[in-house]
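Asker: mmCIF, C-alpha atoms, saved as structure-v9.cif, coming up:
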data_my_file
#
loop_
_atom_site.label_atom_id
_atom_site.label_comp_id
_atom_site.auth_asym_id
_atom_site.auth_seq_id
_atom_site.Cartn_x
_atom_site.Cartn_y
_atom_site.Cartn_z
CA MET A 509 30.37 -14.65 0.23
CA ALA A 510 31.26 -17.66 2.39
CA VAL A 511 30.94 -21.06 0.74
CA THR A 512 28.86 -23.43 2.86
CA THR A 513 28.28 -27.16 2.69
CA CYS A 514 25.05 -28.91 1.77
CA LEU A 515 25.54 -31.34 4.66
CA THR A 516 23.32 -30.86 7.67
CA TRP A 517 25.06 -30.52 11.03
CA MET A 518 24.05 -34.10 11.87
CA GLN A 519 25.31 -35.51 8.57
CA GLU A 520 28.62 -33.70 8.88
CA LYS A 521 29.04 -34.87 12.47
CA ILE A 522 28.34 -38.49 11.57
CA LEU A 523 30.92 -38.39 8.77
CA GLN A 524 33.47 -36.60 10.95
CA ASN A 525 33.10 -39.14 13.73
CA HIS A 526 33.33 -41.99 11.25
CA PHE A 527 36.38 -40.85 9.30
CA GLY A 528 38.00 -38.66 11.97
CA GLY A 529 39.05 -35.03 11.97
CA LYS A 530 37.27 -31.76 11.37
CA PHE A 531 35.94 -30.99 7.89
CA ASN A 532 37.27 -27.99 6.01
CA LEU A 533 35.38 -27.36 2.75
CA LEU A 534 37.88 -27.03 -0.11
CA TYR A 535 35.77 -27.43 -3.24
CA LYS A 536 32.11 -27.00 -4.17
CA ALA A 537 31.29 -27.80 -7.78
CA SER A 538 28.45 -25.27 -8.11
CA VAL A 539 30.90 -22.54 -7.04
CA HIS A 540 34.23 -23.71 -8.47
CA LYS A 541 32.74 -25.35 -11.63
CA PHE A 542 31.91 -28.96 -12.40
CA SER A 543 35.41 -29.63 -13.66
CA LEU A 544 38.10 -32.08 -12.61
CA GLU A 545 40.73 -29.51 -13.48
CA HIS A 546 39.27 -26.97 -11.03
CA LEU A 547 38.83 -29.65 -8.36
CA LEU A 548 42.49 -30.67 -8.57
CA GLN A 549 43.65 -27.05 -8.47
CA VAL A 550 42.24 -26.60 -4.96
CA CYS A 551 42.27 -30.17 -3.60
CA SER A 552 45.64 -31.64 -4.62
CA ASN A 553 48.13 -32.44 -1.84
CA GLN A 554 45.75 -31.39 0.93
CA GLY A 555 46.10 -34.58 2.97
CA PRO A 556 43.13 -36.83 3.84
CA THR A 557 39.96 -35.80 2.00
CA VAL A 558 36.30 -36.72 1.81
CA THR A 559 34.50 -36.26 -1.51
CA VAL A 560 30.72 -36.04 -1.11
CA ILE A 561 28.22 -36.50 -3.94
CA TYR A 562 24.64 -35.25 -3.55
CA SER A 563 21.98 -36.87 -5.68
CA LYS A 564 18.23 -36.51 -5.26
CA ASP A 565 17.88 -39.48 -2.91
CA HIS A 566 21.42 -40.27 -1.78
CA VAL A 567 24.52 -38.86 -0.13
CA THR A 568 27.50 -40.89 -1.28
CA GLY A 569 31.20 -40.33 -1.67
CA ALA A 570 34.76 -41.44 -1.11
CA PHE A 571 37.26 -41.06 1.71
CA MET A 572 40.93 -40.95 0.69
CA GLN A 573 43.53 -41.17 3.42
CA GLU A 574 46.24 -40.07 1.00
CA GLY A 575 44.08 -37.36 -0.54
CA TYR A 576 44.37 -36.18 -4.14
CA GLN A 577 47.87 -36.98 -5.38
CA GLU A 578 48.27 -37.27 -9.13
CA GLY A 579 48.89 -40.83 -10.28
CA LYS A 580 49.01 -42.33 -6.78
CA THR A 581 47.35 -45.70 -6.22
CA SER A 582 45.86 -46.13 -2.78
CA PHE A 583 42.93 -47.63 -0.91
CA ILE A 584 39.74 -45.61 -1.06
CA THR A 585 36.69 -46.00 1.16
CA LEU A 586 33.46 -45.60 -0.79
CA PHE A 587 30.46 -44.81 1.38
CA ALA A 588 26.75 -44.12 1.39
CA LEU A 589 25.13 -42.19 4.22
CA GLN A 590 21.83 -43.84 5.13
CA GLU A 591 20.21 -41.51 7.69
CA THR A 592 22.46 -42.08 10.75
CA LYS A 593 24.24 -45.14 9.40
CA ILE A 594 27.21 -45.36 7.02
CA LEU A 595 27.63 -48.29 4.63
CA GLU A 596 31.04 -48.59 3.02
CA CYS A 597 33.31 -50.68 0.87
CA LYS A 598 37.04 -50.37 0.20
CA MET A 599 38.93 -50.70 -3.05
CA LYS A 600 42.30 -49.82 -4.52
CA LEU A 601 42.24 -47.09 -7.18
CA CYS A 602 44.63 -44.77 -8.94
CA VAL A 603 43.61 -41.19 -8.10
CA PRO A 604 42.22 -39.28 -9.85
CA SER A 605 42.18 -41.16 -13.16
CA MET A 606 40.14 -44.13 -11.94
CA LEU A 607 37.90 -42.22 -9.54
CA PHE A 608 36.81 -39.57 -12.04
CA VAL A 609 35.63 -40.91 -15.37
CA THR A 610 33.52 -39.88 -18.35
CA TRP A 611 30.46 -41.71 -19.61
CA THR A 612 32.50 -43.03 -22.50
CA GLY A 613 35.35 -44.11 -20.26
CA TRP A 614 32.96 -45.89 -17.93
CA HIS A 615 31.56 -48.05 -20.73
CA ARG A 616 34.98 -48.77 -22.16
CA GLN A 617 36.43 -49.83 -18.81
CA LYS A 618 33.97 -52.26 -17.26
CA LYS A 619 36.52 -53.04 -14.52
CA TYR A 620 35.56 -49.78 -12.83
CA GLU A 621 33.38 -50.28 -9.72
CA PHE A 622 32.78 -46.60 -9.02
CA GLY A 623 33.29 -43.47 -11.07
CA ILE A 624 32.40 -39.77 -10.84
CA ASP A 625 31.69 -37.88 -14.06
CA LEU A 626 31.89 -34.26 -12.96
CA THR A 627 31.21 -32.70 -16.35
CA GLY A 628 28.21 -34.93 -17.02
CA ARG A 629 27.11 -34.82 -13.38
CA LYS A 630 26.73 -38.59 -13.27
CA LEU A 631 27.77 -41.12 -10.64
CA HIS A 632 28.54 -44.53 -12.13
CA ILE A 633 28.38 -47.52 -9.80
CA SER A 634 28.63 -51.22 -10.58
CA ALA A 635 25.88 -53.59 -9.42
CA ASN A 636 28.14 -55.20 -6.80
CA THR A 637 29.21 -51.87 -5.32
CA SER A 638 25.62 -50.57 -5.32
CA LYS A 639 24.58 -53.62 -3.34
CA GLU A 640 27.36 -53.14 -0.76
CA LEU A 641 26.39 -49.50 -0.29
CA GLY A 642 22.70 -50.28 0.04
CA LEU A 643 21.77 -48.33 -3.10
CA LEU A 644 19.36 -49.12 -5.88
CA GLN A 645 21.24 -51.16 -8.44
CA CYS A 646 21.24 -48.43 -11.02
CA GLU A 647 24.32 -48.12 -13.22
CA SER A 648 24.14 -44.34 -13.45
CA ILE A 649 22.83 -41.77 -10.96
CA SER A 650 22.47 -38.06 -11.70
CA PHE A 651 23.82 -35.77 -9.00
CA GLU A 652 23.31 -32.11 -8.21
CA GLU A 653 26.41 -31.21 -6.22
CA CYS A 654 29.91 -32.39 -5.42
CA GLU A 655 31.97 -31.21 -2.45
CA VAL A 656 35.47 -32.04 -1.27
CA PHE A 657 36.52 -31.64 2.37
CA GLN A 658 39.94 -31.67 3.90
CA CYS A 659 39.97 -33.82 7.05
CA GLU A 660 41.84 -31.63 9.51
CA ASP A 661 43.15 -32.91 12.78
CA ILE A 662 41.62 -30.15 14.87
CA LEU A 663 43.82 -30.99 17.84
CA ASN A 664 46.98 -30.34 15.88
CA LYS A 665 49.99 -28.65 17.41
CA ARG A 666 48.91 -25.10 16.49
CA LYS A 667 45.41 -25.55 17.93
CA MET A 668 46.73 -27.10 21.12
CA GLU A 669 49.12 -24.19 21.56
CA GLU A 670 46.13 -21.81 21.36
CA VAL A 671 44.21 -23.94 23.87
CA THR A 672 47.16 -23.93 26.25
CA GLU A 673 47.59 -20.16 25.90
CA LEU A 674 43.90 -19.66 26.73
CA ARG A 675 44.27 -21.88 29.80
CA GLU A 676 47.23 -19.81 30.99
CA SER A 677 45.25 -16.61 30.50
CA LEU A 678 42.27 -17.97 32.46
CA TRP A 679 44.57 -19.27 35.18
CA SER A 680 46.16 -15.86 35.51
CA SER A 681 42.81 -14.08 35.77
CA MET A 682 41.71 -16.45 38.57
CA ARG A 683 44.93 -15.94 40.53
CA THR A 684 44.82 -12.15 40.31
CA TYR A 685 41.06 -11.82 40.85
CA LYS A 686 39.89 -9.64 43.73
CA PRO A 687 36.25 -9.57 44.87
CA TYR A 688 34.32 -6.37 44.20
CA GLY A 689 35.31 -3.49 46.47
CA ASP A 690 37.49 -5.79 48.58
CA LEU A 691 34.32 -6.41 50.61
CA VAL A 692 35.46 -10.02 51.24
CA HIS A 693 38.73 -11.87 50.77
CA GLN A 694 37.12 -15.00 49.29
CA ILE A 695 33.96 -15.51 47.26
CA ARG A 696 31.69 -18.32 48.46
CA ILE A 697 30.06 -20.30 45.65
CA LEU A 698 27.24 -22.70 46.59
CA LEU A 699 26.67 -25.79 44.43
CA LEU A 700 23.07 -27.05 44.27
CA GLY A 701 21.24 -29.61 42.18
CA PRO A 702 19.89 -33.16 42.03
CA ILE A 703 21.69 -36.03 43.70
CA GLY A 704 24.44 -37.41 41.45
CA ALA A 705 24.51 -34.43 39.07
CA GLY A 706 28.25 -33.83 39.53
CA LYS A 707 28.55 -31.20 42.28
CA SER A 708 31.34 -32.94 44.20
CA SER A 709 33.02 -33.92 40.94
CA PHE A 710 33.09 -30.25 39.96
CA VAL A 711 34.81 -29.42 43.27
CA ASN A 712 37.43 -32.08 42.55
CA SER A 713 37.81 -30.81 38.99
CA VAL A 714 38.45 -27.22 40.08
CA LYS A 715 40.99 -28.38 42.65
CA SER A 716 42.62 -30.55 39.97
CA VAL A 717 43.06 -27.60 37.61
CA PHE A 718 44.89 -25.54 40.22
CA GLN A 719 46.83 -28.42 41.77
CA GLY A 720 48.18 -29.60 38.41
CA ARG A 721 47.02 -33.17 39.01
CA VAL A 722 43.73 -35.05 39.24
CA VAL A 723 42.36 -34.64 42.79
CA HIS A 724 39.70 -36.73 44.55
CA GLN A 725 39.18 -34.87 47.83
CA ALA A 726 35.41 -34.44 47.69
CA LEU A 727 33.70 -37.82 47.92
CA VAL A 728 31.85 -38.87 44.77
CA GLY A 729 29.86 -41.96 43.87
CA SER A 730 26.61 -43.40 42.57
CA ASP A 731 24.60 -43.73 45.80
CA THR A 732 21.02 -42.73 44.99
CA THR A 733 20.72 -40.86 48.30
CA GLY A 734 23.86 -38.84 47.63
CA ILE A 735 27.45 -39.22 48.78
CA SER A 736 27.80 -35.67 50.16
CA GLN A 737 25.88 -35.93 53.45
CA LYS A 738 27.75 -33.03 55.04
CA TYR A 739 27.96 -29.37 54.17
CA ARG A 740 31.56 -28.87 53.05
CA THR A 741 33.47 -25.71 52.22
CA TYR A 742 36.55 -26.20 50.08
CA SER A 743 39.28 -23.58 49.87
CA ILE A 744 41.34 -24.03 46.68
CA LYS A 745 45.12 -23.73 46.89
CA ASP A 746 47.40 -22.70 44.06
CA GLU A 747 50.11 -25.27 43.31
CA LYS A 748 52.57 -22.50 42.41
CA ASP A 749 52.77 -20.77 45.79
CA GLY A 750 50.48 -22.79 48.06
CA ASN A 751 48.28 -19.77 48.77
CA SER A 752 44.49 -20.02 48.90
CA LEU A 753 42.74 -18.64 45.86
CA PRO A 754 40.07 -15.92 46.26
CA PHE A 755 37.09 -18.28 46.23
CA ILE A 756 35.58 -21.14 48.24
CA LEU A 757 33.36 -23.88 46.80
CA CYS A 758 30.50 -24.96 49.07
CA ASP A 759 29.17 -28.48 48.45
CA SER A 760 25.70 -29.37 49.71
CA LEU A 761 23.51 -32.43 49.91
CA GLY A 762 21.74 -32.98 46.61
CA LEU A 763 18.06 -32.38 45.97
CA GLY A 764 16.15 -35.66 46.13
CA GLU A 765 12.73 -37.08 45.44
CA GLY A 766 10.13 -37.06 48.20
CA GLU A 767 11.68 -36.57 51.62
CA GLU A 768 15.19 -37.46 50.44
CA GLY A 769 17.97 -34.96 49.91
CA LEU A 770 18.49 -31.40 51.05
CA CYS A 771 15.88 -30.01 53.44
CA MET A 772 14.32 -26.94 51.84
CA ASP A 773 14.48 -25.01 55.14
CA ASP A 774 18.26 -25.45 55.23
CA VAL A 775 18.68 -23.44 52.02
CA PRO A 776 18.10 -19.90 53.43
CA GLN A 777 20.26 -20.76 56.45
CA ILE A 778 23.15 -21.70 54.14
CA LEU A 779 22.66 -18.62 51.98
CA LYS A 780 22.75 -16.28 54.98
CA GLY A 781 25.90 -17.88 56.40
CA HIS A 782 24.36 -19.60 59.43
CA VAL A 783 25.79 -23.04 58.51
CA SER A 784 29.44 -23.90 59.16
CA ASP A 785 31.69 -26.46 57.52
CA ARG A 786 30.98 -30.17 58.18
CA TYR A 787 27.37 -29.72 59.24
CA GLN A 788 25.63 -33.11 59.02
CA PHE A 789 22.48 -32.68 56.94
CA ASN A 790 19.19 -34.13 58.14
CA PRO A 791 16.64 -34.32 55.29
CA MET A 792 13.82 -34.34 57.85
CA LYS A 793 14.99 -31.52 60.09
CA PRO A 794 16.68 -28.19 59.29
CA ILE A 795 19.49 -26.65 61.31
CA THR A 796 18.33 -24.43 64.19
CA PRO A 797 19.99 -21.96 66.58
CA GLY A 798 21.89 -23.79 69.29
CA HIS A 799 23.28 -26.45 66.99
CA ASP A 800 27.06 -26.84 67.15
CA ASN A 801 27.32 -25.88 63.46
CA TYR A 802 24.96 -22.90 63.68
CA VAL A 803 26.58 -19.48 63.22
CA ASP A 804 24.59 -16.96 65.25
CA SER A 805 25.90 -13.73 63.72
CA PRO A 806 27.34 -14.44 60.27
CA LEU A 807 29.44 -11.79 58.54
CA LEU A 808 29.43 -10.92 54.86
CA LYS A 809 32.38 -13.27 54.37
CA ASP A 810 30.28 -16.17 55.74
CA ARG A 811 27.40 -15.63 53.34
CA ILE A 812 26.95 -17.23 49.93
CA HIS A 813 27.84 -14.76 47.16
CA CYS A 814 26.90 -16.85 44.12
CA ALA A 815 25.03 -20.12 43.53
CA ALA A 816 25.24 -22.64 40.70
CA PHE A 817 22.75 -25.36 39.90
CA VAL A 818 24.53 -28.46 38.62
CA PHE A 819 22.74 -30.83 36.22
CA ASN A 820 23.82 -33.84 34.21
CA VAL A 821 23.25 -32.68 30.62
CA ASN A 822 21.95 -36.14 29.69
CA CYS A 823 19.26 -36.15 32.40
CA ILE A 824 17.41 -32.89 31.81
CA GLU A 825 14.48 -34.54 30.06
CA TYR A 826 14.12 -37.05 32.93
CA LEU A 827 13.67 -34.49 35.72
CA SER A 828 10.39 -35.28 37.48
CA ASP A 829 7.71 -32.68 38.05
CA GLU A 830 8.52 -32.88 41.76
CA MET A 831 12.21 -32.16 41.11
CA VAL A 832 11.38 -29.23 38.83
CA ALA A 833 9.11 -27.83 41.54
CA LYS A 834 11.92 -28.15 44.13
CA ILE A 835 14.37 -26.37 41.84
CA ARG A 836 11.91 -23.53 41.33
CA ARG A 837 11.43 -23.25 45.12
CA VAL A 838 15.18 -23.00 45.65
CA ARG A 839 15.43 -20.37 42.90
CA ARG A 840 12.80 -18.26 44.67
CA LYS A 841 14.87 -18.40 47.88
CA LEU A 842 17.96 -17.33 45.93
CA ILE A 843 16.07 -14.43 44.37
CA GLU A 844 14.77 -13.35 47.81
CA CYS A 845 18.41 -13.14 48.96
CA GLY A 846 19.39 -11.18 45.84
CA LEU A 847 21.79 -13.90 44.69
CA VAL A 848 22.81 -14.25 41.06
CA HIS A 849 22.66 -17.93 40.15
CA LEU A 850 23.93 -19.87 37.15
CA VAL A 851 23.65 -23.38 35.72
CA LEU A 852 26.45 -25.89 35.15
CA LEU A 853 25.71 -28.70 32.72
CA THR A 854 28.10 -31.58 33.34
CA HIS A 855 29.02 -34.66 31.27
CA VAL A 856 28.90 -32.75 27.97
CA ASP A 857 31.66 -35.01 26.59
CA SER A 858 29.40 -38.05 27.00
CA MET A 859 26.61 -36.77 24.75
CA ASP A 860 25.86 -38.65 21.52
CA LEU A 861 28.04 -37.55 18.58
CA ILE A 862 30.17 -35.26 20.80
CA THR A 863 33.92 -35.92 20.59
CA LYS A 864 36.94 -34.45 22.33
CA ASP A 865 37.46 -32.11 19.37
CA ASP A 866 34.09 -30.48 20.07
CA LEU A 867 35.17 -29.24 23.50
CA ILE A 868 37.06 -26.42 21.76
CA ASP A 869 33.77 -24.79 20.73
CA ILE A 870 31.14 -26.88 22.50
CA ASN A 871 28.37 -24.25 22.39
CA ARG A 872 28.11 -24.55 18.60
CA CYS A 873 27.28 -28.27 18.65
CA LEU A 874 23.67 -29.00 17.73
CA PRO A 875 22.95 -31.56 20.51
CA VAL A 876 24.32 -29.11 23.07
CA LYS A 877 22.19 -26.25 21.72
CA SER A 878 19.17 -28.54 22.00
CA GLN A 879 19.91 -29.25 25.68
CA LEU A 880 20.46 -25.58 26.44
CA GLU A 881 17.01 -24.87 25.04
CA ALA A 882 15.58 -27.77 27.08
CA VAL A 883 16.98 -26.29 30.32
CA HIS A 884 15.70 -22.84 29.40
CA LYS A 885 12.23 -24.18 28.61
CA ALA A 886 11.89 -26.56 31.57
CA LEU A 887 13.47 -24.45 34.33
CA GLY A 888 13.38 -20.88 33.04
CA PHE A 889 17.11 -20.12 33.25
CA PRO A 890 18.33 -17.57 30.68
CA LEU A 891 20.51 -19.16 28.00
CA SER A 892 23.35 -16.78 28.87
CA ASP A 893 23.41 -18.19 32.42
CA ILE A 894 23.90 -21.82 31.35
CA LEU A 895 27.52 -23.00 31.32
CA LEU A 896 29.03 -26.25 30.08
CA VAL A 897 31.69 -28.29 31.86
CA SER A 898 33.32 -31.68 31.63
CA ASN A 899 34.41 -32.94 35.06
CA TYR A 900 37.37 -35.15 35.81
CA THR A 901 35.76 -38.46 36.77
CA SER A 902 37.91 -41.32 35.46
CA GLU A 903 40.98 -39.58 34.02
CA TRP A 904 44.50 -39.82 35.39
CA GLU A 905 45.93 -36.85 33.50
CA LEU A 906 44.73 -33.28 33.09
CA ASP A 907 43.33 -32.15 29.75
CA PRO A 908 43.65 -28.45 28.76
CA LEU A 909 40.33 -28.63 26.89
CA LYS A 910 38.51 -29.68 30.06
CA ASP A 911 40.50 -27.19 32.12
CA ASN A 912 39.32 -24.32 29.91
CA LEU A 913 35.63 -25.23 30.30
CA ILE A 914 36.05 -25.44 34.08
CA LEU A 915 37.96 -22.14 34.30
CA PHE A 916 35.51 -20.40 31.96
CA ALA A 917 32.59 -21.48 34.18
CA LEU A 918 34.44 -20.43 37.32
CA ARG A 919 35.18 -17.00 35.85
CA HIS A 920 31.48 -16.44 35.17
CA MET A 921 30.61 -17.44 38.74
CA LEU A 922 33.07 -14.88 40.12
CA TRP A 923 31.57 -12.21 37.88
CA ALA A 924 28.12 -13.15 39.20
CA ALA A 925 29.41 -12.82 42.77
CA ASP A 926 30.76 -9.37 41.96
CA ASP A 927 27.30 -8.39 40.73
CA PHE A 928 25.83 -9.55 44.05
CA LEU A 929 28.39 -7.61 46.11
CA GLU A 930 27.98 -4.47 44.04
CA ASP A 931 24.21 -4.60 44.49
CA LEU A 932 24.30 -4.87 48.29
CA PRO A 933 22.74 -1.90 50.12
CA LEU A 934 25.44 0.49 51.33
CA GLU A 935 24.30 0.38 54.97
CA GLU A 936 24.41 -3.42 54.95
CA THR A 937 27.98 -3.58 53.64
CA ARG A 938 29.06 -0.88 56.13
CA GLU A 939 27.61 -2.80 59.11
CA MET A 940 29.20 -6.04 58.02
CA LEU A 941 32.59 -4.48 57.36
CA LEU A 942 32.56 -2.79 60.79
CA ALA A 943 31.87 -6.17 62.37
CA VAL A 944 35.02 -7.69 60.84
#
Re-express the file's structure as C-alpha cells.
Answerer:
Amino acid sequence: MAVTTCLTWMQEKILQNHFGGKFNLLYKASVHKFSLEHLLQVCSNQGPTVTVIYSKDHVTGAFMQEGYQEGKTSFITLFALQETKILECKMKLCVPSMLFVTWTGWHRQKKYEFGIDLTGRKLHISANTSKELGLLQCESISFEECEVFQCEDILNKRKMEEVTELRESLWSSMRTYKPYGDLVHQIRILLLGPIGAGKSSFVNSVKSVFQGRVVHQALVGSDTTGISQKYRTYSIKDEKDGNSLPFILCDSLGLGEGEEGLCMDDVPQILKGHVSDRYQFNPMKPITPGHDNYVDSPLLKDRIHCAAFVFNVNCIEYLSDEMVAKIRRVRRKLIECGLVHLVLLTHVDSMDLITKDDLIDINRCLPVKSQLEAVHKALGFPLSDILLVSNYTSEWELDPLKDNLILFALRHMLWAADDFLEDLPLEETREMLLAV
C-alpha cells in the first residue's frame, strides 16, 4: 500500500515553495517505526530534507540543506507552519545527535534549543525557540507523527530530458498531421473570448514554438477595448523547412461589455467562412454582402473547423453576468454550426502557489482544479474540454515546459476539428470538394 503524507495539498505546497524542490516522502514513523535507527536507514545521504512533526495543534519541523549525514555539523532551519505563514529560526547543530534527543538527554543538556524524541514521541523546545516560532512556551509537546521528505529538484537533468522528448514527440505529431479525410489542407481554428484574455498572445506563443524563438507578430497589449481590431488569419511556418503547417489560427476582436467588442452578428459570418483576413471589425455593425472583405461563396477550406474560448484563469470569478450571457450566446451559434469548441485557460503560471515545477503536471494542482470546476460551473463547459496554457508574454527564451502545454492544447484542437469534419453530411462535403 502506498505511503501518503499527513500534509494537506496546501500545506505541502507552502513548504515546497518556501524551501524549494518537490517533496518525496522517505520516512513515516507510524509505518517505519518511531525509531531513529529506522529513520537513518532510509534518510541518510539523501540530500536536502525536511523533517515534519505533527502534534495536535502544530505542524513544526526542520529543514536541512545537507540532509542526514552522520556526525556532520550544519545550519538547520527550524520552522512552524501557521496556516499559510511559516515562522522560522536558524541554528547550527550536529546531525543527528543534537537534533534527536531523549527526555533524559534533553534535561542533561540544557544548551539544546530544539530536540525530537522519536521513541517518546515528544518535541522539546526551549522558551526562546518557542517564542521565535510563535508556539506556546511549553518545554515539551507530544506529537502523533513524524515524516521526512527528500527535497528533489524536479527540474533535474533526467526530468528535463523527458520534457524535451515529449516536446519533440508533440512537434512531430503536429508536423505530420493531416486533416480528416484530406477534406482540407489546413484546419482553421477560431479564438474567441473576453478582451485581454490572451488570444493574440496564444497566436504568438504557437508561432514561437514552431519558429524556435519568441515571436511578437500578433499585436498584444492592455487596451480595455482590445488590441486586435481586425480579423486576422495566421498561417504557422515550420522553422525546419519553411513550409506552412496544417492549421491556421484565426484571431478575432474580443468580447466586451455593453456595445464594445465583437458584434454578435459577425460570429456566424466568421464561422461560415464569409469573412476574409484583415476585415476591420465594427462593434456596432456586422459585415454584410458587398463589403470588400465579404466572401460570397466560401468553400469548406474557408470555414472555421474548431473554436476555442480563451480566458485568463485568474479572472473567471470576475466575469460579469452580461459577459457570461454573451459567451453562452456564442456557444449556441457554435452548436448550430456543429462546431466542437474547447476552452484555453491562460496565465496558469501566475496563479498563487503555482511554480514553474508545477507546469510538468499542472492539472493535479489544487488551485488549478478549483478553477476548472469554476469554469465548468459558471459556463457549462465539460472538464475534459478545458485546456491549460502558459503564453509567452515577457520571456526572451523558449521554455520546453510552456511549449508542451501549448502543443498539447493545439493537438486537442486539431482532434476537435477532425471530429467536425468527420461529422459533416456526405452531400455537403461532396459539394464543397467539387467546388475546389
Asker: Show me, as a list in words, the residues that have an atom within 10 Å of Val856 (chain A) when counting all atoms listed in the file, minus same-chain residues fewer than 6 positions from it.
Answerer: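 Everything that qualifies: Asn820, Val821, Asn822, Ile862, Thr863, Lys864, Asp866, Leu867, Ile870, Pro875, Val876, Gln879, Leu896, Val897, Ser898 and Asn899 of chain A.
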Asker: What does the distance from CA of Phe583 (chain A) to CA of Lys598 (chain A) come to in Å, to one decimal?
Answerer: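 Pair CA of Phe583 (chain A) / CA of Lys598 (chain A) returns 6.6 Å.
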Asker: Contacts of region 805-819 of chain A at 8 Å or less, counting all atoms listed in the file, minus same-chain residues fewer than 3 places along, as a ChimeraX atom specification?
Answerer: /A:691-702,705-707,778-782,823-824,842,847-854,921-922,924-925,928-929,937,940-941,943-944
Asker: For the residues selected in the previous step, produce a file with C-alpha atoms as a PDB file, in the frame of the given file.
Answerer:
ATOM      1  CA  LEU A 691      34.320  -6.410  50.610  1.00  0.00           C
ATOM      2  CA  VAL A 692      35.460 -10.020  51.240  1.00  0.00           C
ATOM      3  CA  HIS A 693      38.730 -11.870  50.770  1.00  0.00           C
ATOM      4  CA  GLN A 694      37.120 -15.000  49.290  1.00  0.00           C
ATOM      5  CA  ILE A 695      33.960 -15.510  47.260  1.00  0.00           C
ATOM      6  CA  ARG A 696      31.690 -18.320  48.460  1.00  0.00           C
ATOM      7  CA  ILE A 697      30.060 -20.300  45.650  1.00  0.00           C
ATOM      8  CA  LEU A 698      27.240 -22.700  46.590  1.00  0.00           C
ATOM      9  CA  LEU A 699      26.670 -25.790  44.430  1.00  0.00           C
ATOM     10  CA  LEU A 700      23.070 -27.050  44.270  1.00  0.00           C
ATOM     11  CA  GLY A 701      21.240 -29.610  42.180  1.00  0.00           C
ATOM     12  CA  PRO A 702      19.890 -33.160  42.030  1.00  0.00           C
ATOM     13  CA  ALA A 705      24.510 -34.430  39.070  1.00  0.00           C
ATOM     14  CA  GLY A 706      28.250 -33.830  39.530  1.00  0.00           C
ATOM     15  CA  LYS A 707      28.550 -31.200  42.280  1.00  0.00           C
ATOM     16  CA  ILE A 778      23.150 -21.700  54.140  1.00  0.00           C
ATOM     17  CA  LEU A 779      22.660 -18.620  51.980  1.00  0.00           C
ATOM     18  CA  LYS A 780      22.750 -16.280  54.980  1.00  0.00           C
ATOM     19  CA  GLY A 781      25.900 -17.880  56.400  1.00  0.00           C
ATOM     20  CA  HIS A 782      24.360 -19.600  59.430  1.00  0.00           C
ATOM     21  CA  CYS A 823      19.260 -36.150  32.400  1.00  0.00           C
ATOM     22  CA  ILE A 824      17.410 -32.890  31.810  1.00  0.00           C
ATOM     23  CA  LEU A 842      17.960 -17.330  45.930  1.00  0.00           C
ATOM     24  CA  LEU A 847      21.790 -13.900  44.690  1.00  0.00           C
ATOM     25  CA  VAL A 848      22.810 -14.250  41.060  1.00  0.00           C
ATOM     26  CA  HIS A 849      22.660 -17.930  40.150  1.00  0.00           C
ATOM     27  CA  LEU A 850      23.930 -19.870  37.150  1.00  0.00           C
ATOM     28  CA  VAL A 851      23.650 -23.380  35.720  1.00  0.00           C
ATOM     29  CA  LEU A 852      26.450 -25.890  35.150  1.00  0.00           C
ATOM     30  CA  LEU A 853      25.710 -28.700  32.720  1.00  0.00           C
ATOM     31  CA  THR A 854      28.100 -31.580  33.340  1.00  0.00           C
ATOM     32  CA  MET A 921      30.610 -17.440  38.740  1.00  0.00           C
ATOM     33  CA  LEU A 922      33.070 -14.880  40.120  1.00  0.00           C
ATOM     34  CA  ALA A 924      28.120 -13.150  39.200  1.00  0.00           C
ATOM     35  CA  ALA A 925      29.410 -12.820  42.770  1.00  0.00           C
ATOM     36  CA  PHE A 928      25.830  -9.550  44.050  1.00  0.00           C
ATOM     37  CA  LEU A 929      28.390  -7.610  46.110  1.00  0.00           C
ATOM     38  CA  THR A 937      27.980  -3.580  53.640  1.00  0.00           C
ATOM     39  CA  MET A 940      29.200  -6.040  58.020  1.00  0.00           C
ATOM     40  CA  LEU A 941      32.590  -4.480  57.360  1.00  0.00           C
ATOM     41  CA  ALA A 943      31.870  -6.170  62.370  1.00  0.00           C
ATOM     42  CA  VAL A 944      35.020  -7.690  60.840  1.00  0.00           C
TER      43      VAL A 944
END
Asker: Do you know which residues are at most 12 Å from Gly529 (chain A) counting only C-alpha atoms, after dropping those on the same chain fewer than 3 positions away, and could you put them as a ChimeraX atom specification?
Answerer: /A:520-526,532,555-558,573,657-664,863-866
Asker: Limited to C-alpha atoms, could you put the picked residues into a file as a compact mmCIF listing (two decimals), in the coordinates of the input?
Answerer:
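The resulting file, result-v3.txt, is shown below:
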# COMPACT_ATOMS: atom_id res chain seq x y z
CA GLU A 520 28.62 -33.70 8.88
CA LYS A 521 29.04 -34.87 12.47
CA ILE A 522 28.34 -38.49 11.57
CA LEU A 523 30.92 -38.39 8.77
CA GLN A 524 33.47 -36.60 10.95
CA ASN A 525 33.10 -39.14 13.73
CA HIS A 526 33.33 -41.99 11.25
CA ASN A 532 37.27 -27.99 6.01
CA GLY A 555 46.10 -34.58 2.97
CA PRO A 556 43.13 -36.83 3.84
CA THR A 557 39.96 -35.80 2.00
CA VAL A 558 36.30 -36.72 1.81
CA GLN A 573 43.53 -41.17 3.42
CA PHE A 657 36.52 -31.64 2.37
CA GLN A 658 39.94 -31.67 3.90
CA CYS A 659 39.97 -33.82 7.05
CA GLU A 660 41.84 -31.63 9.51
CA ASP A 661 43.15 -32.91 12.78
CA ILE A 662 41.62 -30.15 14.87
CA LEU A 663 43.82 -30.99 17.84
CA ASN A 664 46.98 -30.34 15.88
CA THR A 863 33.92 -35.92 20.59
CA LYS A 864 36.94 -34.45 22.33
CA ASP A 865 37.46 -32.11 19.37
CA ASP A 866 34.09 -30.48 20.07
Asker: Enumerate, as a list in words, the residues matched when the PyMOL selection byres ((chain A and resi 746-751) around 12) is run on the file above.
Answerer: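 For this structure, the PyMOL selection byres ((chain A and resi 746-751) around 12) resolves to Trp679, Ser680, Met682, Arg683, Thr684, Val714, Lys715, Ser716, Val717, Phe718, Gln719, Gly720, Arg721, Ser743, Ile744, Lys745, Ser752, Leu753, Pro754 and Phe755 of chain A.
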Asker: Any idea what's packed within 7 Å of region 788-792 of chain A, counting only C-alpha atoms, ignoring anything in its chain fewer than 6 positions away? Could you give it as a ChimeraX atom specification?
Answerer: /A:737-739,767-771
